[in-house]
Amino acid sequence: MAEEGTPDVGVTRAGADAAPGAAPGPGVGRAPSVEPDGGATLLAWLARMREQCPVWRDEAGQVHLFRYEDVQRVLTDPATFSSDTVGRLSGGERQAPRGTLLLLDPPLHGKMRRLVSRAFTPGLISGLEPWITDLTAELLAAAGSDRFDLVDVLANPLPVTVIARMLGVPTADRDLFQGWADQLLSTDPEDPGSVQRMEETGAVISAYLQGFIDERRRERQDDLLGTLVHAELDGERLDDEDIASFATLLLLAGHVTTSVLLGNTLMCLDGEPELFERVREDRSLVPAVIEETLRLRPPFTRIERVTTVETEFHGTSLAPDTLVHLWLLSANLDEEVFEDAAAFRPDRSNSRQAAFGHGIHYCIGAPLARLEGRVALNALLDRFARIEVDPDARLTYHGTNVYGARHLPLAVKRA
């Protein structure tokens with residue numbers, strides 16, 4: 001395992017003159033960002049932390065866990081590690097809307113999840129495939145003949161349009177959704193002005209959705225918003241804030257997951273040209289390529305929980321109400337679990353990757369993200385005889401929590 005250098009993952013891409021820089025050592029400073037080097041510094045730091053400091057308390061007193069077994073332990077024990085970071089860390093003064101599934105604990109979480117899972121059954125998801133295939137072809141038809149930006153042409157508009165259709169809001173408004181997502185993703189929690197802009201964006205989204213919620217209350221429609229408006233939970237209807245919160249979560253998290261997954265898949269294959277050609281010739285490899293991309297470059301680098309009681313990891317005691325960061329990216333690169341963990345190997349026998357979480361909060365949209373990724377990669381391979389990340393492009397990346405490029409210029413040759 002690399003201790004000082006950058007792990008050779010075969011998919012980290014920075015500008016030609018970019019330098020990884022020095023990562024903070026165990027026990028000091030803040031976690032590195034994916035910017036400016038595409039994650040090279042972050043990956044090196046995570047490797048050292050897994051080996052030398054698996055339980056790390058940052059300068060704010062928050063705890064970070066890096067090893068696969070520790071991350072899985074937290075995700076399978078919601079009684080000890082609560083998802084209600086808003087309520088617990090505010091002393092109970094604030095409460096997340098019931099639609100914010102990510103921040104709910106049992107038993108309410110289970111009730112809400114059963115309610116919204118009606119829109120994510122295997123049959124309903126697979127039934128979308130013909131339409132997603134047609135939409136992908138339509139979007140790629142607008143691509144340039146030799147160069148285009150994958151994010152602008154496909155990776156952003158595809159998932160946003162799919163989610164808009166599921167919710168029952170106009171797919172023509174996808175540029176609005178994209179703008180809102182960009183604003184929310186650029187939020188710096190340590191910058192009060194940035195947090196204020198995030199809250200203002202949230203209010204704009206809620207106001208937009210409110211009009212469609214009002215329509216569904218007047219006249220029932222067979223879409224996800226209609227399902228939520230007329231569903232009952234313990235004999236009560238969901239209020240407007242609950243419904244708007246869940247819809248916002250879908251527009252943001254659902255869009256980002258697939259958008260970053262598509263870009264990361266092309267970046268992984270770009271570093272493995274022989275494998276790229278094998279996949280082109282044998283499309284049965286596509287699902288395994290998507291799964292290995294999720295392991296090596298998960299869309300979200302980490303998630304959070306908060307302790308409900310005193311607990312311990314590796315001899316380190318955690319007091320109640322300690323915020324715990326679970327590094328999904330690090331867990332997916334744990335050498336104790338994944339042989340040759342830093343390599344892109346779609347044929348690996350162990351695919352227990354943690355990109356979509358685990359336990360009761362396992363990502364409800366995971367099947368949809370996998371479907372969109374599979375359809376999109378096949379469509380790209382059908383349309384283009386050559387695909388490579390533009391070697392002249394200097395890429396910029398999302399921040400610490402999202403692992404992917406903001407834009408991905410491709411050089412292509414039509415089939």
# chains A, B, ... in the order shown; residues from 1 in each chain; ligands from 1
>>> residues_around(residues="Ala155 of chain A", least_positions_apart="2", cutoff="12 Å", atoms="only C-alpha atoms", output="PyMOL selection string")
chain A and resi 135-136+139-140+148-153+157-162+178+254-266+369+372-373+375-377+380+404-409
>>> atom_distance(atom1="atom CA of Arg67 of chain A", atom2="atom CA of Ser330 of chain A")
6.6 Å
>>> residues_around(residues="Lys111 of chain A", least_positions_apart="4", cutoff="10 Å", atoms="only C-alpha atoms", output="PDB file with N, CA and C atoms, in the first residue's frame")
ATOM      1  N   ARG A  98     -40.159  15.272   7.051  1.00  0.00           N
ATOM      2  CA  ARG A  98     -40.244  13.817   6.932  1.00  0.00           C
ATOM      3  C   ARG A  98     -39.814  13.331   5.553  1.00  0.00           C
ATOM      4  N   PRO A 106     -35.410   5.118  12.243  1.00  0.00           N
ATOM      5  CA  PRO A 106     -36.578   4.269  12.492  1.00  0.00           C
ATOM      6  C   PRO A 106     -37.332   4.795  13.724  1.00  0.00           C
ATOM      7  N   PRO A 107     -38.649   4.572  13.778  1.00  0.00           N
ATOM      8  CA  PRO A 107     -39.459   3.843  12.788  1.00  0.00           C
ATOM      9  C   PRO A 107     -39.977   4.721  11.647  1.00  0.00           C
ATOM     10  N   LEU A 115     -43.343   4.204   1.671  1.00  0.00           N
ATOM     11  CA  LEU A 115     -44.245   5.067   0.925  1.00  0.00           C
ATOM     12  C   LEU A 115     -43.644   5.465  -0.426  1.00  0.00           C
ATOM     13  N   VAL A 116     -42.417   5.956  -0.408  1.00  0.00           N
ATOM     14  CA  VAL A 116     -41.825   6.474  -1.645  1.00  0.00           C
ATOM     15  C   VAL A 116     -41.270   5.353  -2.524  1.00  0.00           C
ATOM     16  N   GLU A 232     -51.040   8.271   2.814  1.00  0.00           N
ATOM     17  CA  GLU A 232     -51.242   8.476   4.244  1.00  0.00           C
ATOM     18  C   GLU A 232     -50.137   7.788   5.024  1.00  0.00           C
ATOM     19  N   LEU A 233     -49.710   8.435   6.106  1.00  0.00           N
ATOM     20  CA  LEU A 233     -48.684   7.907   6.990  1.00  0.00           C
ATOM     21  C   LEU A 233     -49.241   7.968   8.405  1.00  0.00           C
ATOM     22  N   ASP A 234     -49.500   6.786   8.974  1.00  0.00           N
ATOM     23  CA  ASP A 234     -50.127   6.710  10.302  1.00  0.00           C
ATOM     24  C   ASP A 234     -51.450   7.475  10.328  1.00  0.00           C
TER      25      ASP A 234
END
>>> closest_residue(among="A:Gly179, A:Gly144, A:Gly357, A:Gly61", to="Leu326 of chain A", atoms="only C-alpha atoms")
A:Gly357
>>> residues_around(residues="Arg278 of chain A", least_positions_apart="4", cutoff="12 Å", atoms="only C-alpha atoms", output="ChimeraX atom specification")
/A:269,272-274,282-286,289,346,381
>>> write_last_selection(atoms="C-alpha atoms", output="PDB file, in the first residue's frame")
ATOM      1  CA  LEU A 269     -12.051   3.409 -19.166  1.00  0.00           C
ATOM      2  CA  GLU A 272      -7.541   1.371 -19.632  1.00  0.00           C
ATOM      3  CA  PRO A 273      -7.635   1.472 -23.467  1.00  0.00           C
ATOM      4  CA  GLU A 274      -7.364  -2.304 -23.931  1.00  0.00           C
ATOM      5  CA  ASP A 282     -18.422  -7.604 -25.337  1.00  0.00           C
ATOM      6  CA  ARG A 283     -21.273  -5.540 -23.915  1.00  0.00           C
ATOM      7  CA  SER A 284     -21.957  -8.138 -21.235  1.00  0.00           C
ATOM      8  CA  LEU A 285     -19.049  -6.454 -19.397  1.00  0.00           C
ATOM      9  CA  VAL A 286     -20.899  -3.133 -19.097  1.00  0.00           C
ATOM     10  CA  VAL A 289     -17.694  -1.780 -15.465  1.00  0.00           C
ATOM     11  CA  PRO A 346     -14.279  -5.036 -13.409  1.00  0.00           C
ATOM     12  CA  LEU A 381     -20.157   2.781 -27.643  1.00  0.00           C
TER      13      LEU A 381
END
>>> residues_around(residues="Ala411 of chain A", least_positions_apart="3", cutoff="12 Å", atoms="only C-alpha atoms", output="ChimeraX atom specification")
/A:143-150,266,270,384-393,408,414
>>> write_last_selection(atoms="N, CA, C and O atoms", output="PDB file, in the first residue's frame")
ATOM      1  N   ALA A 143     -24.731  16.039 -29.943  1.00  0.00           N
ATOM      2  CA  ALA A 143     -23.297  16.104 -29.633  1.00  0.00           C
ATOM      3  C   ALA A 143     -22.493  16.483 -30.864  1.00  0.00           C
ATOM      4  O   ALA A 143     -22.901  16.239 -32.001  1.00  0.00           O
ATOM      5  N   GLY A 144     -21.334  17.069 -30.639  1.00  0.00           N
ATOM      6  CA  GLY A 144     -20.451  17.414 -31.741  1.00  0.00           C
ATOM      7  C   GLY A 144     -19.915  16.173 -32.436  1.00  0.00           C
ATOM      8  O   GLY A 144     -19.917  15.082 -31.875  1.00  0.00           O
ATOM      9  N   SER A 145     -19.446  16.347 -33.648  1.00  0.00           N
ATOM     10  CA  SER A 145     -18.982  15.204 -34.441  1.00  0.00           C
ATOM     11  C   SER A 145     -17.617  14.705 -34.010  1.00  0.00           C
ATOM     12  O   SER A 145     -17.284  13.536 -34.231  1.00  0.00           O
ATOM     13  N   ASP A 146     -16.807  15.578 -33.395  1.00  0.00           N
ATOM     14  CA  ASP A 146     -15.480  15.131 -32.985  1.00  0.00           C
ATOM     15  C   ASP A 146     -15.128  15.502 -31.554  1.00  0.00           C
ATOM     16  O   ASP A 146     -14.260  14.878 -30.947  1.00  0.00           O
ATOM     17  N   ARG A 147     -15.790  16.510 -30.978  1.00  0.00           N
ATOM     18  CA  ARG A 147     -15.528  16.901 -29.590  1.00  0.00           C
ATOM     19  C   ARG A 147     -16.817  17.403 -28.952  1.00  0.00           C
ATOM     20  O   ARG A 147     -17.596  18.111 -29.586  1.00  0.00           O
ATOM     21  N   PHE A 148     -17.023  17.048 -27.706  1.00  0.00           N
ATOM     22  CA  PHE A 148     -18.146  17.593 -26.946  1.00  0.00           C
ATOM     23  C   PHE A 148     -17.909  17.343 -25.464  1.00  0.00           C
ATOM     24  O   PHE A 148     -17.076  16.524 -25.081  1.00  0.00           O
ATOM     25  N   ASP A 149     -18.658  18.066 -24.638  1.00  0.00           N
ATOM     26  CA  ASP A 149     -18.567  17.922 -23.188  1.00  0.00           C
ATOM     27  C   ASP A 149     -19.610  16.901 -22.740  1.00  0.00           C
ATOM     28  O   ASP A 149     -20.813  17.126 -22.880  1.00  0.00           O
ATOM     29  N   LEU A 150     -19.169  15.775 -22.219  1.00  0.00           N
ATOM     30  CA  LEU A 150     -20.086  14.714 -21.791  1.00  0.00           C
ATOM     31  C   LEU A 150     -21.075  15.212 -20.758  1.00  0.00           C
ATOM     32  O   LEU A 150     -22.251  14.844 -20.777  1.00  0.00           O
ATOM     33  N   LEU A 266     -16.291   6.993 -17.859  1.00  0.00           N
ATOM     34  CA  LEU A 266     -15.446   7.318 -19.009  1.00  0.00           C
ATOM     35  C   LEU A 266     -14.006   7.581 -18.582  1.00  0.00           C
ATOM     36  O   LEU A 266     -13.062   7.207 -19.285  1.00  0.00           O
ATOM     37  N   ASP A 270     -10.927   5.445 -19.857  1.00  0.00           N
ATOM     38  CA  ASP A 270      -9.916   6.211 -20.582  1.00  0.00           C
ATOM     39  C   ASP A 270      -8.504   5.805 -20.143  1.00  0.00           C
ATOM     40  O   ASP A 270      -7.565   5.847 -20.935  1.00  0.00           O
ATOM     41  N   PHE A 384     -19.985   5.921 -31.206  1.00  0.00           N
ATOM     42  CA  PHE A 384     -18.624   6.391 -31.454  1.00  0.00           C
ATOM     43  C   PHE A 384     -17.645   5.221 -31.494  1.00  0.00           C
ATOM     44  O   PHE A 384     -17.625   4.365 -30.616  1.00  0.00           O
ATOM     45  N   ALA A 385     -16.795   5.215 -32.539  1.00  0.00           N
ATOM     46  CA  ALA A 385     -15.781   4.173 -32.682  1.00  0.00           C
ATOM     47  C   ALA A 385     -14.569   4.452 -31.803  1.00  0.00           C
ATOM     48  O   ALA A 385     -13.803   3.544 -31.479  1.00  0.00           O
ATOM     49  N   ARG A 386     -14.389   5.710 -31.431  1.00  0.00           N
ATOM     50  CA  ARG A 386     -13.292   6.087 -30.533  1.00  0.00           C
ATOM     51  C   ARG A 386     -13.794   7.124 -29.558  1.00  0.00           C
ATOM     52  O   ARG A 386     -14.482   8.069 -29.944  1.00  0.00           O
ATOM     53  N   ILE A 387     -13.465   6.944 -28.286  1.00  0.00           N
ATOM     54  CA  ILE A 387     -13.838   7.887 -27.240  1.00  0.00           C
ATOM     55  C   ILE A 387     -12.635   8.045 -26.315  1.00  0.00           C
ATOM     56  O   ILE A 387     -12.114   7.061 -25.799  1.00  0.00           O
ATOM     57  N   GLU A 388     -12.207   9.269 -26.109  1.00  0.00           N
ATOM     58  CA  GLU A 388     -11.167   9.508 -25.124  1.00  0.00           C
ATOM     59  C   GLU A 388     -11.381  10.864 -24.463  1.00  0.00           C
ATOM     60  O   GLU A 388     -11.954  11.773 -25.072  1.00  0.00           O
ATOM     61  N   VAL A 389     -10.950  10.955 -23.205  1.00  0.00           N
ATOM     62  CA  VAL A 389     -10.990  12.249 -22.538  1.00  0.00           C
ATOM     63  C   VAL A 389     -10.004  13.165 -23.245  1.00  0.00           C
ATOM     64  O   VAL A 389      -8.856  12.783 -23.491  1.00  0.00           O
ATOM     65  N   ASP A 390     -10.464  14.329 -23.627  1.00  0.00           N
ATOM     66  CA  ASP A 390      -9.646  15.265 -24.404  1.00  0.00           C
ATOM     67  C   ASP A 390      -8.311  15.501 -23.699  1.00  0.00           C
ATOM     68  O   ASP A 390      -8.268  16.038 -22.586  1.00  0.00           O
ATOM     69  N   PRO A 391      -7.207  15.079 -24.313  1.00  0.00           N
ATOM     70  CA  PRO A 391      -5.905  15.204 -23.638  1.00  0.00           C
ATOM     71  C   PRO A 391      -5.470  16.642 -23.420  1.00  0.00           C
ATOM     72  O   PRO A 391      -4.582  16.912 -22.603  1.00  0.00           O
ATOM     73  N   ASP A 392      -6.069  17.581 -24.135  1.00  0.00           N
ATOM     74  CA  ASP A 392      -5.700  18.999 -23.985  1.00  0.00           C
ATOM     75  C   ASP A 392      -6.533  19.718 -22.932  1.00  0.00           C
ATOM     76  O   ASP A 392      -6.279  20.892 -22.650  1.00  0.00           O
ATOM     77  N   ALA A 393      -7.517  19.031 -22.381  1.00  0.00           N
ATOM     78  CA  ALA A 393      -8.426  19.687 -21.432  1.00  0.00           C
ATOM     79  C   ALA A 393      -7.825  19.723 -20.031  1.00  0.00           C
ATOM     80  O   ALA A 393      -7.196  18.764 -19.584  1.00  0.00           O
ATOM     81  N   LEU A 408     -16.425  17.246 -18.603  1.00  0.00           N
ATOM     82  CA  LEU A 408     -15.549  16.212 -19.138  1.00  0.00           C
ATOM     83  C   LEU A 408     -15.530  16.298 -20.667  1.00  0.00           C
ATOM     84  O   LEU A 408     -16.315  15.637 -21.358  1.00  0.00           O
ATOM     85  N   ARG A 414     -16.877   9.162 -34.872  1.00  0.00           N
ATOM     86  CA  ARG A 414     -18.157   8.473 -35.078  1.00  0.00           C
ATOM     87  C   ARG A 414     -17.960   7.104 -35.693  1.00  0.00           C
ATOM     88  O   ARG A 414     -17.067   6.884 -36.505  1.00  0.00           O
TER      89      ARG A 414
END
>>> closest_residue(among="A:Arg30, A:His109, A:Arg374, A:Arg297", to="Asp58 of chain A", atoms="only C-alpha atoms")
A:Arg30
>>> residues_around(residues="segment 333-337 of chain A", least_positions_apart="4", cutoff="7 Å", atoms="only C-alpha atoms", output="PDB file with C-alpha atoms, in the first residue's frame")
ATOM      1  CA  ARG A  67     -11.840   1.404   7.072  1.00  0.00           C
ATOM      2  CA  TYR A  68     -14.496  -0.702   5.370  1.00  0.00           C
ATOM      3  CA  LEU A 296     -13.225   3.064  -7.355  1.00  0.00           C
ATOM      4  CA  LEU A 329     -14.358   6.363  -0.939  1.00  0.00           C
ATOM      5  CA  ALA A 341      -7.836  -2.202  -4.379  1.00  0.00           C
ATOM      6  CA  ALA A 342      -6.330   0.739  -6.262  1.00  0.00           C
TER       7      ALA A 342
END
>>> residues_around(residues="Ile360 of chain A", least_positions_apart="3", cutoff="10 Å", atoms="only C-alpha atoms", output="PyMOL selection string")
chain A and resi 75-78+105-106+109-110+113+357+363-364
>>> atom_distance(atom1="atom CA of Cys53 of chain A", atom2="atom CA of Leu65 of chain A")
8.9 Å
>>> select_by_dssp(residues="segment 141-384 of chain A", states="strand (DSSP E or B)", output="list in words")
Arg147, Phe148, Asp149, Glu232, Leu233, Glu236, Arg237, Phe300, Arg302, Ile303, Glu304, Arg305, Val306, Thr307, Thr311, Glu312, Phe313, Thr316, Ser317, Leu318, Leu323, Val324, His325, Leu326, Trp327 and Phe384 of chain A
>>> decode(residues="segment 97-109 of chain A", atoms="all heavy atoms", output="mmCIF file, in the first residue's frame")
data_model
loop_
_atom_site.group_PDB
_atom_site.id
_atom_site.type_symbol
_atom_site.label_atom_id
_atom_site.label_comp_id
_atom_site.auth_asym_id
_atom_site.auth_seq_id
_atom_site.Cartn_x
_atom_site.Cartn_y
_atom_site.Cartn_z
ATOM 1 N N PRO A 97 -37.688 17.826 7.699
ATOM 2 C CA PRO A 97 -38.976 17.380 7.143
ATOM 3 C C PRO A 97 -38.982 15.874 6.951
ATOM 4 O O PRO A 97 -37.938 15.264 6.709
ATOM 5 C CB PRO A 97 -39.038 18.114 5.791
ATOM 6 C CG PRO A 97 -38.112 19.271 5.923
ATOM 7 C CD PRO A 97 -37.025 18.811 6.831
ATOM 8 N N ARG A 98 -40.159 15.272 7.051
ATOM 9 C CA ARG A 98 -40.244 13.817 6.932
ATOM 10 C C ARG A 98 -39.814 13.331 5.553
ATOM 11 O O ARG A 98 -39.403 12.185 5.394
ATOM 12 C CB ARG A 98 -41.670 13.348 7.237
ATOM 13 C CG ARG A 98 -42.040 13.479 8.702
ATOM 14 C CD ARG A 98 -43.444 12.984 8.969
ATOM 15 N NE ARG A 98 -44.443 13.827 8.338
ATOM 16 C CZ ARG A 98 -45.762 13.628 8.449
ATOM 17 N NH1 ARG A 98 -46.225 12.606 9.160
ATOM 18 N NH2 ARG A 98 -46.611 14.434 7.861
ATOM 19 N N GLY A 99 -39.862 14.201 4.568
ATOM 20 C CA GLY A 99 -39.448 13.804 3.230
ATOM 21 C C GLY A 99 -37.944 13.685 3.060
ATOM 22 O O GLY A 99 -37.471 13.159 2.054
ATOM 23 N N THR A 100 -37.206 14.180 4.048
ATOM 24 C CA THR A 100 -35.746 14.103 3.959
ATOM 25 C C THR A 100 -35.308 12.743 4.477
ATOM 26 O O THR A 100 -34.840 12.588 5.604
ATOM 27 C CB THR A 100 -35.097 15.241 4.773
ATOM 28 O OG1 THR A 100 -35.713 16.477 4.435
ATOM 29 C CG2 THR A 100 -33.609 15.338 4.462
ATOM 30 N N LEU A 101 -35.443 11.729 3.639
ATOM 31 C CA LEU A 101 -35.159 10.348 4.046
ATOM 32 C C LEU A 101 -33.770 10.182 4.627
ATOM 33 O O LEU A 101 -33.558 9.390 5.548
ATOM 34 C CB LEU A 101 -35.312 9.417 2.843
ATOM 35 C CG LEU A 101 -36.730 8.993 2.459
ATOM 36 C CD1 LEU A 101 -36.682 8.182 1.169
ATOM 37 C CD2 LEU A 101 -37.375 8.190 3.562
ATOM 38 N N LEU A 102 -32.805 10.929 4.094
ATOM 39 C CA LEU A 102 -31.423 10.773 4.542
ATOM 40 C C LEU A 102 -31.248 11.135 6.005
ATOM 41 O O LEU A 102 -30.286 10.706 6.639
ATOM 42 C CB LEU A 102 -30.493 11.661 3.693
ATOM 43 C CG LEU A 102 -30.417 11.352 2.204
ATOM 44 C CD1 LEU A 102 -29.485 12.342 1.520
ATOM 45 C CD2 LEU A 102 -29.935 9.928 1.969
ATOM 46 N N LEU A 103 -32.163 11.915 6.559
ATOM 47 C CA LEU A 103 -32.015 12.419 7.925
ATOM 48 C C LEU A 103 -33.021 11.798 8.886
ATOM 49 O O LEU A 103 -33.206 12.305 10.000
ATOM 50 C CB LEU A 103 -32.155 13.947 7.943
ATOM 51 C CG LEU A 103 -31.162 14.724 7.067
ATOM 52 C CD1 LEU A 103 -31.447 16.217 7.136
ATOM 53 C CD2 LEU A 103 -29.732 14.439 7.482
ATOM 54 N N LEU A 104 -33.653 10.714 8.485
ATOM 55 C CA LEU A 104 -34.668 10.090 9.335
ATOM 56 C C LEU A 104 -34.151 8.802 9.962
ATOM 57 O O LEU A 104 -33.382 8.068 9.349
ATOM 58 C CB LEU A 104 -35.926 9.783 8.521
ATOM 59 C CG LEU A 104 -36.706 10.975 7.957
ATOM 60 C CD1 LEU A 104 -37.941 10.469 7.214
ATOM 61 C CD2 LEU A 104 -37.109 11.943 9.064
ATOM 62 N N ASP A 105 -34.626 8.532 11.171
ATOM 63 C CA ASP A 105 -34.325 7.283 11.875
ATOM 64 C C ASP A 105 -35.582 6.420 11.942
ATOM 65 O O ASP A 105 -36.698 6.910 11.736
ATOM 66 C CB ASP A 105 -33.858 7.585 13.307
ATOM 67 C CG ASP A 105 -32.460 8.179 13.358
ATOM 68 O OD1 ASP A 105 -31.659 7.850 12.472
ATOM 69 O OD2 ASP A 105 -32.174 8.957 14.282
ATOM 70 N N PRO A 106 -35.410 5.118 12.243
ATOM 71 C CA PRO A 106 -36.578 4.269 12.492
ATOM 72 C C PRO A 106 -37.332 4.795 13.724
ATOM 73 O O PRO A 106 -36.722 5.391 14.613
ATOM 74 C CB PRO A 106 -35.970 2.896 12.765
ATOM 75 C CG PRO A 106 -34.602 2.940 12.151
ATOM 76 C CD PRO A 106 -34.145 4.364 12.305
ATOM 77 N N PRO A 107 -38.649 4.572 13.778
ATOM 78 C CA PRO A 107 -39.459 3.843 12.788
ATOM 79 C C PRO A 107 -39.977 4.721 11.647
ATOM 80 O O PRO A 107 -40.477 4.211 10.663
ATOM 81 C CB PRO A 107 -40.622 3.326 13.629
ATOM 82 C CG PRO A 107 -40.810 4.383 14.671
ATOM 83 C CD PRO A 107 -39.425 4.887 15.001
ATOM 84 N N LEU A 108 -39.852 6.063 11.801
ATOM 85 C CA LEU A 108 -40.396 6.948 10.781
ATOM 86 C C LEU A 108 -39.724 6.726 9.432
ATOM 87 O O LEU A 108 -40.385 6.772 8.385
ATOM 88 C CB LEU A 108 -40.231 8.413 11.218
ATOM 89 C CG LEU A 108 -40.794 9.468 10.264
ATOM 90 C CD1 LEU A 108 -42.269 9.228 9.987
ATOM 91 C CD2 LEU A 108 -40.562 10.869 10.827
ATOM 92 N N HIS A 109 -38.428 6.469 9.449
ATOM 93 C CA HIS A 109 -37.724 6.239 8.192
ATOM 94 C C HIS A 109 -38.334 5.089 7.416
ATOM 95 O O HIS A 109 -38.553 5.176 6.208
ATOM 96 C CB HIS A 109 -36.237 5.966 8.449
ATOM 97 C CG HIS A 109 -35.515 5.510 7.218
ATOM 98 N ND1 HIS A 109 -35.372 4.183 6.887
ATOM 99 C CD2 HIS A 109 -34.919 6.215 6.215
ATOM 100 C CE1 HIS A 109 -34.726 4.088 5.757
ATOM 101 N NE2 HIS A 109 -34.429 5.289 5.323
#
